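Structure data follow from run-v6.cif (mmCIF, C-alpha atoms and all ligand atoms):
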data_entry
loop_
_atom_site.label_atom_id
_atom_site.label_comp_id
_atom_site.auth_asym_id
_atom_site.auth_seq_id
_atom_site.Cartn_x
_atom_site.Cartn_y
_atom_site.Cartn_z
CA MET M 1 -48.54 -29.12 -44.39
CA ASN M 2 -50.74 -26.78 -42.37
CA LYS M 3 -54.11 -25.67 -43.62
CA LYS M 4 -54.22 -22.18 -45.10
CA ILE M 5 -56.42 -19.10 -45.12
CA THR M 6 -55.39 -16.96 -48.10
CA ILE M 7 -56.72 -13.41 -48.25
CA LYS M 8 -56.70 -12.75 -52.00
CA SER M 9 -58.39 -9.40 -52.49
CA ILE M 10 -60.48 -6.80 -50.67
CA SER M 11 -62.71 -4.44 -52.60
CA GLN M 12 -65.36 -1.87 -51.83
CA GLN M 13 -68.47 -0.99 -53.76
CA ASP M 14 -70.51 1.77 -52.21
CA LYS M 15 -70.96 0.70 -48.55
CA THR M 16 -70.20 -3.00 -49.09
CA VAL M 17 -66.76 -4.53 -48.66
CA LYS M 18 -66.04 -7.91 -50.20
CA ALA M 19 -63.00 -10.00 -49.40
CA SER M 20 -62.11 -12.93 -51.58
CA ILE M 21 -60.65 -15.59 -49.34
CA ASN M 22 -59.45 -19.12 -49.96
CA ILE M 23 -59.85 -21.49 -47.04
CA ASN M 24 -57.85 -24.65 -47.59
CA GLY M 25 -58.68 -24.76 -51.31
CA HIS M 26 -62.28 -23.46 -51.09
CA GLU M 27 -63.17 -20.03 -52.45
CA GLU M 28 -65.22 -17.84 -50.11
CA ILE M 29 -66.45 -14.25 -50.14
CA VAL M 30 -66.68 -12.41 -46.83
CA THR M 31 -69.27 -9.69 -47.34
CA THR M 32 -69.45 -6.81 -44.87
CA LEU M 33 -72.09 -4.08 -45.00
CA PHE M 34 -71.83 -0.65 -43.39
CA ASN M 35 -74.39 2.10 -42.85
CA GLU M 36 -73.94 5.57 -44.33
CA ASN M 37 -72.38 6.95 -41.11
CA CYS M 38 -69.49 4.46 -41.41
CA ALA M 39 -68.63 5.39 -44.99
CA PRO M 40 -65.97 8.08 -44.29
CA TYR M 41 -64.06 5.78 -41.95
CA ILE M 42 -63.73 2.58 -43.97
CA SER M 43 -60.10 1.59 -44.54
CA LEU M 44 -59.05 -1.16 -46.94
CA LYS M 45 -55.32 -0.51 -46.70
CA SER M 46 -54.53 -3.67 -44.77
CA ILE M 47 -55.74 -7.18 -44.05
CA ASP M 48 -55.88 -6.34 -40.31
CA PRO M 49 -59.63 -6.96 -39.84
CA TYR M 50 -59.46 -10.37 -41.53
CA VAL M 51 -56.39 -11.53 -39.59
CA ILE M 52 -58.15 -10.70 -36.30
CA GLY M 53 -61.51 -12.04 -37.54
CA PHE M 54 -60.10 -15.46 -38.44
CA LEU M 55 -57.44 -15.63 -35.72
CA TYR M 56 -59.21 -17.66 -33.04
CA PHE M 57 -60.52 -20.09 -35.67
CA ALA M 58 -56.97 -20.40 -37.08
CA MET M 59 -55.42 -21.05 -33.66
CA ASN M 60 -58.12 -23.51 -32.68
CA TYR M 61 -58.27 -25.47 -35.94
CA GLY M 62 -54.72 -25.33 -37.31
CA TYR M 63 -54.66 -22.72 -40.09
CA ASP M 64 -51.93 -20.33 -41.20
CA ILE M 65 -52.80 -16.98 -42.72
CA GLU M 66 -51.20 -15.64 -45.90
CA SER M 67 -51.73 -12.75 -48.26
CA LYS M 68 -50.00 -10.59 -50.85
CA LEU M 69 -51.86 -7.65 -49.31
CA PRO M 70 -50.20 -5.97 -46.33
CA ILE M 71 -50.82 -6.29 -42.61
CA SER M 72 -50.06 -3.37 -40.29
CA GLU M 73 -46.57 -3.77 -38.88
CA GLU M 74 -47.84 -2.97 -35.39
CA LEU M 75 -50.52 -5.67 -35.50
CA TYR M 76 -48.09 -8.22 -36.93
CA TYR M 77 -45.59 -7.45 -34.16
CA ASN M 78 -48.23 -7.66 -31.43
CA LEU M 79 -49.63 -10.95 -32.69
CA HIS M 80 -46.43 -12.68 -33.75
CA PHE M 81 -44.26 -11.69 -30.80
CA HIS M 82 -46.84 -11.51 -27.99
CA PHE M 83 -50.43 -12.64 -28.41
CA ILE M 84 -50.28 -15.97 -30.24
CA ASP M 85 -47.47 -17.36 -28.08
CA SER M 86 -49.29 -16.26 -24.93
CA LEU M 87 -52.36 -18.24 -25.90
CA ILE M 88 -50.27 -21.24 -26.87
CA GLN M 89 -48.44 -21.16 -23.53
CA ALA M 90 -51.79 -21.65 -21.85
CA ASN M 91 -53.28 -23.94 -24.50
CA PRO M 92 -50.64 -26.23 -26.03
CA ASN M 93 -53.30 -27.73 -28.33
CA PHE M 94 -53.69 -24.41 -30.16
CA HIS M 95 -51.90 -24.02 -33.47
CA ARG M 96 -49.00 -21.57 -33.67
CA VAL M 97 -50.47 -19.52 -36.51
CA GLN M 98 -47.94 -18.19 -39.03
CA ILE M 99 -48.87 -14.92 -40.72
CA ASN M 100 -47.17 -14.50 -44.08
CA ALA M 101 -47.90 -11.08 -45.55
CA PRO M 102 -45.96 -7.89 -46.35
CA LEU M 103 -45.87 -5.31 -43.58
CA THR M 104 -47.18 -1.78 -43.85
CA GLN M 105 -46.32 1.03 -41.47
CA ALA M 106 -48.70 3.24 -39.58
CA ASN M 107 -47.85 6.29 -41.69
CA ASN M 108 -49.43 4.54 -44.67
CA ILE M 109 -52.73 4.44 -42.83
CA SER M 110 -54.72 7.65 -42.80
CA PHE M 111 -55.03 9.34 -39.42
CA ASN M 112 -57.33 12.05 -40.75
CA ASN M 113 -60.78 12.23 -39.22
CA LYS M 114 -59.78 9.91 -36.39
CA ASN M 115 -62.15 11.47 -33.88
CA ILE M 116 -64.61 8.69 -33.17
CA VAL M 117 -64.92 7.60 -29.54
CA ALA M 118 -67.26 4.64 -29.62
CA THR M 119 -68.70 1.66 -27.83
CA GLY M 120 -71.09 -1.12 -28.76
CA ILE M 121 -74.72 -0.77 -27.75
CA SER M 122 -76.85 -3.85 -27.09
CA CYS M 123 -78.86 -2.08 -24.34
CA GLY M 124 -77.78 -4.82 -21.92
CA VAL M 125 -76.34 -4.07 -18.46
CA ASP M 126 -72.68 -4.02 -19.56
CA SER M 127 -73.16 -1.75 -22.57
CA LEU M 128 -75.47 0.71 -20.79
CA TYR M 129 -72.97 0.86 -17.92
CA THR M 130 -70.22 1.85 -20.38
CA ILE M 131 -72.47 4.53 -21.91
CA ALA M 132 -73.55 5.79 -18.48
CA THR M 133 -69.95 6.11 -17.27
CA HIS M 134 -68.41 7.39 -20.54
CA GLY M 135 -71.32 9.26 -22.11
CA LYS M 136 -72.01 12.94 -22.57
CA GLN M 137 -73.19 13.54 -19.00
CA SER M 138 -70.34 11.60 -17.37
CA SER M 139 -67.32 13.07 -15.57
CA ILE M 140 -64.88 11.49 -18.09
CA PRO M 141 -62.26 13.88 -19.62
CA SER M 142 -63.61 15.40 -22.83
CA ASP M 143 -61.29 13.50 -25.23
CA TYR M 144 -62.63 10.26 -23.76
CA LYS M 145 -66.34 11.06 -24.01
CA LEU M 146 -68.37 8.87 -26.31
CA ASN M 147 -69.63 10.40 -29.53
CA ALA M 148 -70.69 7.24 -31.37
CA LEU M 149 -72.56 4.02 -30.61
CA CYS M 150 -72.01 0.88 -32.66
CA PHE M 151 -74.26 -2.05 -33.43
CA PHE M 152 -72.29 -4.93 -34.90
CA ASN M 153 -74.43 -7.73 -36.27
CA VAL M 154 -71.70 -10.34 -36.56
CA GLY M 155 -72.50 -13.61 -34.85
CA ALA M 156 -74.29 -12.51 -31.67
CA ALA M 157 -77.72 -13.55 -32.94
CA MET M 158 -76.59 -16.75 -34.65
CA LYS M 159 -78.65 -19.82 -33.79
CA GLY M 160 -77.24 -22.88 -35.55
CA ASN M 161 -77.26 -22.07 -39.23
CA TYR M 162 -79.55 -19.05 -39.24
CA GLU M 163 -80.23 -15.73 -37.57
CA PRO M 164 -83.71 -14.63 -36.40
CA SER M 165 -84.08 -11.44 -38.44
CA ALA M 166 -87.00 -10.00 -36.43
CA LEU M 167 -84.92 -10.17 -33.25
CA ILE M 168 -81.93 -8.50 -34.93
CA GLU M 169 -84.09 -5.78 -36.48
CA GLY M 170 -85.78 -5.12 -33.13
CA ARG M 171 -82.48 -4.82 -31.29
CA LYS M 172 -80.97 -2.65 -34.02
CA LYS M 173 -83.96 -0.32 -33.92
CA LEU M 174 -83.70 -0.01 -30.14
CA ALA M 175 -79.97 0.81 -30.36
CA GLN M 176 -80.55 3.33 -33.15
CA THR M 177 -83.41 5.03 -31.28
CA PHE M 178 -81.20 5.33 -28.20
CA ALA M 179 -78.40 6.89 -30.26
CA GLU M 180 -80.80 9.38 -31.87
CA GLU M 181 -82.49 10.31 -28.60
CA TYR M 182 -79.22 11.03 -26.78
CA GLY M 183 -77.30 12.54 -29.72
CA TYR M 184 -74.73 9.89 -30.66
CA LYS M 185 -73.62 8.94 -34.16
CA PHE M 186 -74.96 5.45 -34.94
CA LEU M 187 -72.53 3.06 -36.68
CA TYR M 188 -73.93 -0.20 -38.02
CA VAL M 189 -71.90 -3.11 -39.43
CA GLU M 190 -72.98 -6.59 -40.45
CA SER M 191 -70.98 -9.43 -41.96
CA ASN M 192 -71.17 -13.10 -42.88
CA ILE M 193 -67.68 -13.96 -41.58
CA HIS M 194 -69.10 -16.11 -38.75
CA PHE M 195 -71.18 -18.13 -41.23
CA ILE M 196 -68.05 -18.73 -43.31
CA ILE M 197 -66.09 -19.88 -40.26
CA ASN M 198 -69.03 -22.11 -39.33
CA LYS M 199 -68.71 -23.96 -42.65
CA TYR M 200 -65.31 -25.27 -41.53
CA ALA M 201 -65.70 -25.61 -37.76
CA PRO M 202 -68.50 -24.90 -35.27
CA TYR M 203 -68.59 -21.13 -34.65
CA SER M 204 -68.91 -20.10 -31.01
CA HIS M 205 -69.76 -16.45 -30.43
CA VAL M 206 -68.85 -16.83 -26.75
CA GLU M 207 -65.29 -17.65 -27.84
CA ASN M 208 -65.16 -15.15 -30.71
CA HIS M 209 -67.10 -12.03 -29.69
CA THR M 210 -64.07 -9.82 -28.98
CA TYR M 211 -62.48 -10.87 -32.29
CA MET M 212 -65.69 -10.06 -34.19
CA ALA M 213 -66.02 -6.59 -32.63
CA LEU M 214 -62.39 -5.94 -33.56
CA PHE M 215 -63.05 -7.24 -37.08
CA CYS M 216 -65.68 -4.48 -37.44
CA CYS M 217 -63.64 -1.77 -35.70
CA LEU M 218 -60.48 -2.43 -37.73
CA HIS M 219 -62.49 -1.87 -40.91
CA LEU M 220 -63.14 1.63 -39.51
CA GLN M 221 -59.49 2.47 -38.79
CA ASN M 222 -59.79 5.84 -40.50
CA GLY M 223 -62.29 7.04 -37.91
CA ILE M 224 -62.04 5.23 -34.58
CA ALA M 225 -59.65 6.86 -32.10
CA LYS M 226 -60.97 5.09 -29.00
CA TYR M 227 -63.26 2.13 -28.59
CA TYR M 228 -64.65 0.90 -25.28
CA TYR M 229 -65.41 -2.78 -25.16
CA SER M 230 -67.91 -3.67 -22.45
CA SER M 231 -66.55 -6.55 -20.45
CA GLY M 232 -68.79 -9.12 -18.81
CA TYR M 233 -66.16 -10.21 -16.28
CA THR M 234 -64.09 -8.52 -13.62
CA ILE M 235 -60.31 -8.45 -13.84
CA LYS M 236 -60.02 -11.14 -11.18
CA ASP M 237 -61.71 -13.55 -13.63
CA PHE M 238 -58.89 -13.04 -16.17
CA SER M 239 -57.96 -16.33 -17.84
CA ILE M 240 -56.60 -17.56 -21.17
CA ILE M 241 -56.91 -21.25 -20.33
CA LYS M 242 -59.42 -23.29 -22.32
CA GLU M 243 -60.44 -26.22 -20.14
CA GLY M 244 -61.12 -29.39 -22.12
CA ASN M 245 -64.14 -28.97 -24.36
CA LYS M 246 -65.52 -26.06 -22.36
CA GLU M 247 -65.87 -22.75 -24.16
CA LEU M 248 -63.27 -20.14 -23.29
CA ASP M 249 -65.28 -16.92 -23.12
CA ALA M 250 -63.28 -14.26 -24.98
CA ALA M 251 -64.33 -11.80 -22.23
CA HIS M 252 -62.00 -13.60 -19.81
CA TYR M 253 -58.97 -12.16 -21.61
CA ASP M 254 -60.28 -9.18 -23.54
CA LEU M 255 -57.84 -6.93 -21.65
CA LEU M 256 -55.06 -8.73 -23.51
CA THR M 257 -56.80 -8.97 -26.89
CA LEU M 258 -57.80 -5.30 -26.85
CA SER M 259 -54.32 -4.08 -25.97
CA ILE M 260 -52.83 -6.18 -28.78
CA ALA M 261 -55.36 -4.76 -31.26
CA SER M 262 -54.64 -1.15 -30.25
CA ILE M 263 -52.75 -0.10 -33.36
CA ASN M 264 -52.26 2.81 -35.74
CA GLY M 265 -53.55 5.38 -33.28
CA CYS M 266 -56.70 3.45 -32.38
CA LYS M 267 -56.93 2.47 -28.72
CA PHE M 268 -59.23 -0.22 -27.36
CA TYR M 269 -60.24 -0.33 -23.71
CA SER M 270 -62.00 -2.97 -21.67
CA ILE M 271 -64.67 -1.22 -19.60
CA GLY M 272 -66.43 -2.57 -16.58
CA SER M 273 -63.79 -5.13 -15.67
CA THR M 274 -62.97 -3.09 -12.55
CA THR M 275 -66.37 -3.59 -10.99
CA THR M 276 -68.96 -6.28 -10.37
CA ARG M 277 -72.18 -6.94 -12.24
CA LEU M 278 -74.24 -5.90 -9.22
CA ASN M 279 -72.37 -2.59 -8.96
CA LYS M 280 -73.18 -1.95 -12.63
CA VAL M 281 -76.86 -2.68 -12.04
CA SER M 282 -76.79 -0.41 -9.00
CA TYR M 283 -75.27 2.38 -11.16
CA LEU M 284 -78.00 1.90 -13.78
CA CYS M 285 -80.68 2.17 -11.11
CA ASN M 286 -79.82 5.90 -11.09
CA TYR M 287 -79.41 6.27 -14.87
CA PRO M 288 -82.81 7.25 -16.36
CA PRO M 289 -82.06 6.09 -19.97
CA ALA M 290 -81.88 2.54 -18.55
CA TYR M 291 -85.50 2.82 -17.34
CA LYS M 292 -86.55 3.07 -21.00
CA TYR M 293 -83.96 1.03 -22.83
CA LEU M 294 -82.57 -1.78 -20.66
CA ASN M 295 -82.94 -4.91 -22.77
CA VAL M 296 -81.45 -8.24 -21.78
CA CYS M 297 -83.83 -10.88 -23.10
CA VAL M 298 -82.45 -13.86 -25.01
CA ASN M 299 -85.87 -14.79 -26.44
CA GLU M 300 -87.80 -11.69 -27.46
CA VAL M 301 -87.28 -8.13 -28.69
CA GLN M 302 -89.06 -6.98 -25.49
CA ASN M 303 -87.91 -8.42 -22.18
CA ASP M 304 -90.13 -11.46 -21.51
CA ASN M 305 -89.57 -11.73 -17.71
CA LYS M 306 -89.04 -15.47 -18.22
CA CYS M 307 -85.60 -16.23 -19.70
CA PHE M 308 -82.58 -16.70 -17.43
CA LYS M 309 -81.22 -13.24 -18.26
CA CYS M 310 -84.52 -11.46 -17.56
CA ILE M 311 -84.95 -13.31 -14.26
CA ARG M 312 -81.41 -12.53 -13.15
CA THR M 313 -81.65 -8.84 -14.09
CA ILE M 314 -85.04 -8.27 -12.39
CA LEU M 315 -83.73 -9.86 -9.20
CA GLU M 316 -80.55 -7.79 -9.39
CA ILE M 317 -82.48 -4.54 -9.81
CA ASP M 318 -84.82 -5.50 -6.95
CA ALA M 319 -81.80 -6.30 -4.78
CA VAL M 320 -80.01 -2.97 -5.16
CA GLY M 321 -82.53 -0.47 -6.54
CA ASP M 322 -86.14 0.52 -7.08
CA ILE M 323 -87.69 -2.06 -9.39
CA THR M 324 -90.76 0.12 -10.07
CA LYS M 325 -88.60 2.59 -12.05
CA PHE M 326 -88.14 -0.16 -14.65
CA ASN M 327 -91.83 -0.72 -15.36
CA LYS M 328 -91.40 0.30 -19.01
CA VAL M 329 -88.91 -2.49 -19.70
CA PHE M 330 -90.12 -5.26 -17.38
CA ASP M 331 -93.59 -6.42 -16.33
CA ILE M 332 -93.24 -5.39 -12.70
CA ASN M 333 -96.82 -6.40 -11.75
CA GLU M 334 -96.15 -9.90 -13.00
CA TYR M 335 -92.89 -10.01 -11.03
CA GLN M 336 -94.47 -8.81 -7.81
CA SER M 337 -97.51 -11.07 -8.00
CA ASN M 338 -95.40 -14.14 -8.82
CA PHE M 339 -92.48 -13.27 -6.56
CA ASN M 340 -92.29 -16.79 -5.09
CA TRP M 341 -91.77 -18.24 -8.59
CA TYR M 342 -88.71 -15.97 -9.02
CA LEU M 343 -87.40 -16.90 -5.57
CA ARG M 344 -87.81 -20.57 -6.43
CA ARG M 345 -85.84 -20.10 -9.66
CA LEU M 346 -83.14 -18.21 -7.76
CA TYR M 347 -82.84 -20.95 -5.17
CA ILE M 348 -82.76 -23.77 -7.74
CA ASP M 349 -80.32 -22.12 -10.15
CA CYS M 350 -78.01 -20.62 -7.54
CA LYS M 351 -77.94 -23.29 -4.84
CA LEU M 352 -78.85 -26.53 -6.62
CA LYS M 353 -77.40 -25.85 -10.09
CA LYS M 354 -74.56 -23.62 -8.78
CA ASP M 355 -74.97 -20.94 -11.47
CA PRO M 356 -71.94 -18.65 -10.84
CA LEU M 357 -73.81 -15.61 -12.19
CA LEU M 358 -76.40 -15.74 -9.39
CA GLN M 359 -74.03 -16.07 -6.45
CA GLU M 360 -73.68 -12.30 -6.09
CA VAL M 361 -77.41 -11.60 -5.88
CA TYR M 362 -78.46 -14.57 -3.70
CA PRO M 363 -77.47 -13.03 -0.33
CA TYR M 364 -79.96 -10.18 -0.92
CA PHE M 365 -82.87 -12.66 -0.93
CA LYS M 366 -81.48 -15.26 1.44
CA TYR M 367 -83.60 -14.10 4.37
CA LYS M 368 -86.77 -14.65 2.31
CA ILE M 369 -85.90 -18.27 1.55
CA SER M 370 -86.94 -20.28 4.60
CA LEU M 371 -86.15 -23.92 5.35
CA THR M 372 -89.78 -24.82 4.57
CA PHE M 373 -89.48 -23.01 1.20
CA LYS M 374 -86.32 -24.98 0.37
CA LEU M 375 -87.87 -28.33 1.37
CA LYS M 376 -91.04 -27.58 -0.60
CA THR M 377 -88.95 -26.68 -3.68
CA ILE M 378 -86.84 -29.84 -3.48
CA PHE M 379 -89.94 -31.97 -2.86
CA SER M 380 -91.74 -30.54 -5.92
CA ILE M 381 -88.65 -31.15 -8.10
CA ILE M 382 -88.62 -34.82 -7.02
CA ILE M 383 -92.38 -35.21 -7.63
CA ASN M 384 -92.04 -33.62 -11.09
CA LYS M 385 -89.17 -35.94 -11.99
CA LEU M 386 -91.14 -39.01 -10.86
CA LEU M 387 -94.22 -37.89 -12.79
CA ARG M 388 -92.15 -37.33 -15.95
CA LYS M 389 -90.48 -40.72 -15.56
CA ASN M 390 -93.82 -42.50 -15.22
CA GLY M 391 -95.67 -40.33 -17.71
ZN ZN C 1 -86.10 -12.74 -21.39
#

Translate this structure into structure tokens?
Ligand SMILES: [Zn+2]
Amino acid sequence: MNKKITIKSISQQDKTVKASININGHEEIVTTLFNENCAPYISLKSIDPYVIGFLYFAMNYGYDIESKLPISEELYYNLHFHFIDSLIQANPNFHRVQINAPLTQANNISFNNKNIVATGISCGVDSLYTIATHGKQSSIPSDYKLNALCFFNVGAAMKGNYEPSALIEGRKKLAQTFAEEYGYKFLYVESNIHFIINKYAPYSHVENHTYMALFCCLHLQNGIAKYYYSSGYTIKDFSIIKEGNKELDAAHYDLLTLSIASINGCKFYSIGSTTTRLNKVSYLCNYPPAYKYLNVCVNEVQNDNKCFKCIRTILEIDAVGDITKFNKVFDINEYQSNFNWYLRRLYIDCKLKKDPLLQEVYPYFKYKISLTFKLKTIFSIIINKLLRKNG
């Protein structure tokens, strides 16, 4: 018999939603908190958010999903007749999840107040690009212009069994300040669903991020009309194939996932998949809010200039724009006085370690990397290795 996820009840008290869920005989409570701005949009009329939230875990680890509470007919149809079989076609090891729950039709779900056009804001390159191209000043048709920015704290900051709260608070504050400064409604959601999944199988946010954003958005079905999901990959990188033990980044197929989750008058779009990372950076080089808010660091609340994401982004900006405009978010003096250190990192990570994310920016600095520079770099790596071996 297959393992089971049973969604027993969903209840709301003030701005907290609790779902009582049984996972293969163990009782769990998924607790999801919303800020005041979300309150009018919370919908508990279906199990939709929980089906999507647990779906990748269920496919990957062999669970079926059942409930006496209803699932939206449209979501059931999309998953049962399209999405799950598509993923299984590509990944025969995945479990063919059965969803046993009564169906509810769209007219049972309130369409009132569905006027939210939103996107997530992390202040990274992808999210700022979405805001720059779909925000108030953009040339997008008026019905498609953003009026809300979301910060979903569901798994992105997870490190093993905990989450660094100072980092989350810092990022949330930055997102909220941006929303206030530029006149967007700020929607905040946090949940423990990823910690619950992690009790039964290792949770990977890389594999689950689209599902987690949809988990949050589908709780807000009474408000969200359009949601733009910022994609990290271009359409030519589309893939649903999980290779061996390698993580299958959910961004590789978010076009599919988002179209399947577009139900009950709420449409999800993948933004940024039509262009390259360097084109996005180039766009942001002429978007003043980025000069104040661009934040990519994996280590600190402020960009530290030292992690792989900071290094990549500084080099990208320097390649296609004016790096001095970004002196509020990066230490430009440090970058300019230690430029050879950055070049060395670029050469090592791009050419020796074959990092695919640096291939696009390398040609812009190629002419600065001489044969002597390459030989010196390789020589110092060998010396360091020998010293470590003997030390
Ligand atoms: Zn950093």

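Across the model, the gap from CA of Gln176 (chain M) to CA of Asp14 (chain M) is 21.6 Å.
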
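Taking CA of Ala250 (chain M) and CA of Ile193 (chain M) as the two end points, the separation is 17.2 Å.
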
Can you pull out the residues contacting Asn60 (chain M)? Cut-off 12 Å, using all atoms listed in the file, and skip same-chain residues under 4 positions away; I want them as number ranges by chain. M: 3, 54-56, 64, 84, 87-88, 91-97, 197, 200-204, 207-208, 242, 245, 247-248

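Residues in contact with Ala290 (chain M) at 9 Å, where all atoms listed in the file are counted and same-chain residues fewer than 2 positions away are skipped, are listed as Cys123, Val125, Leu128, Ala132, Leu284, Cys285, Asn286, Tyr287, Pro288, Lys292, Tyr293, Leu294, Asn295, Phe326 and Val329 of chain M.
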
To check your reading of the model: which residues sit at most 8 Å from ligand ZN 1 (chain C) when counting only C-alpha atoms and all ligand atoms? Write the answer as a list in words. Val296, Cys297, Val298, Asn299, Glu300, Gln302, Asn303, Asp304, Asn305, Lys306, Cys307, Phe308, Lys309, Cys310 and Ile311 of chain M

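Every polymer residue reaching to within 10 Å of (-67.5, -2.1, -12.0), counting only C-alpha atoms, appears in this list: Asp126, Tyr129, Thr130, Ser231, Gly232, Tyr233, Thr234, Ile235, Ile271, Gly272, Ser273, Thr274, Thr275, Thr276, Arg277, Leu278, Asn279, Lys280, Val281, Ser282 and Tyr283 of chain M.
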
Please report the interatomic distance between CA of Phe83 (chain M) and CA of Ile131 (chain M) in Å with one decimal. 28.7 Å

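Every protein, DNA or RNA residue with an atom at most 9 Å from Tyr364 (chain M), where all atoms listed in the file count and chain neighbours fewer than 3 positions away do not, is listed here: Glu316, Ala319, Val320, Glu360, Val361, Tyr367 and Lys368 of chain M.
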
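Nearest residue to Phe215 (chain M) among M:Leu315, M:Leu69, M:Val189, M:Ile369 is M:Val189, counting all atoms listed in the file.
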
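Take the candidates M:Lys136, M:Arg345, M:His26, M:His252 and check each one against Lys199 (chain M) using all atoms listed in the file; the shortest distance goes to M:His26.
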
Using all atoms listed in the file, determine which residues lie at most 6 Å from Asn22 (chain M), disregarding the query and same-chain residues fewer than 3 positions distant; provide the list as an MDAnalysis selection string. chainID M and resid 5:6 25:28

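Distance annotation: of M:Tyr77, M:Ala156, M:Ile348, M:Ile378, the residue with the minimal separation from Asn192 (chain M) is M:Ala156; atom set is only C-alpha atoms.
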
Select, counting all atoms listed in the file, all protein, DNA and RNA residues no farther than 10 Å from (-57.7, -2.7, -32.1) in file coordinates, and express the selection as a PyMOL selection string. chain M and resi 48-49+52+75+211+213-218+221+224-227+257-269

Measuring between all atoms listed in the file, which one of M:Lys172, M:Arg344, M:His219, M:Lys15 shows the shortest distance to Thr372 (chain M)? M:Arg344

Need the shell around region 144-149 of chain M: protein/DNA/RNA residues with any atom at most 8 Å away, counting only C-alpha atoms. Skip same-chain ones fewer than 5 positions apart. Format as an MDAnalysis selection string? chainID M and resid 116:121 131 134:136 138 179 183:187 226

Please save C-alpha atoms of the selected residues as a tab-separated table (two decimals), in the coordinates of the input.
chain	number	residue	atom	x	y	z
M	116	ILE	CA	-64.61	8.69	-33.17
M	117	VAL	CA	-64.92	7.60	-29.54
M	118	ALA	CA	-67.26	4.64	-29.62
M	119	THR	CA	-68.70	1.66	-27.83
M	120	GLY	CA	-71.09	-1.12	-28.76
M	121	ILE	CA	-74.72	-0.77	-27.75
M	131	ILE	CA	-72.47	4.53	-21.91
M	134	HIS	CA	-68.41	7.39	-20.54
M	135	GLY	CA	-71.32	9.26	-22.11
M	136	LYS	CA	-72.01	12.94	-22.57
M	138	SER	CA	-70.34	11.60	-17.37
M	179	ALA	CA	-78.40	6.89	-30.26
M	183	GLY	CA	-77.30	12.54	-29.72
M	184	TYR	CA	-74.73	9.89	-30.66
M	185	LYS	CA	-73.62	8.94	-34.16
M	186	PHE	CA	-74.96	5.45	-34.94
M	187	LEU	CA	-72.53	3.06	-36.68
M	226	LYS	CA	-60.97	5.09	-29.00
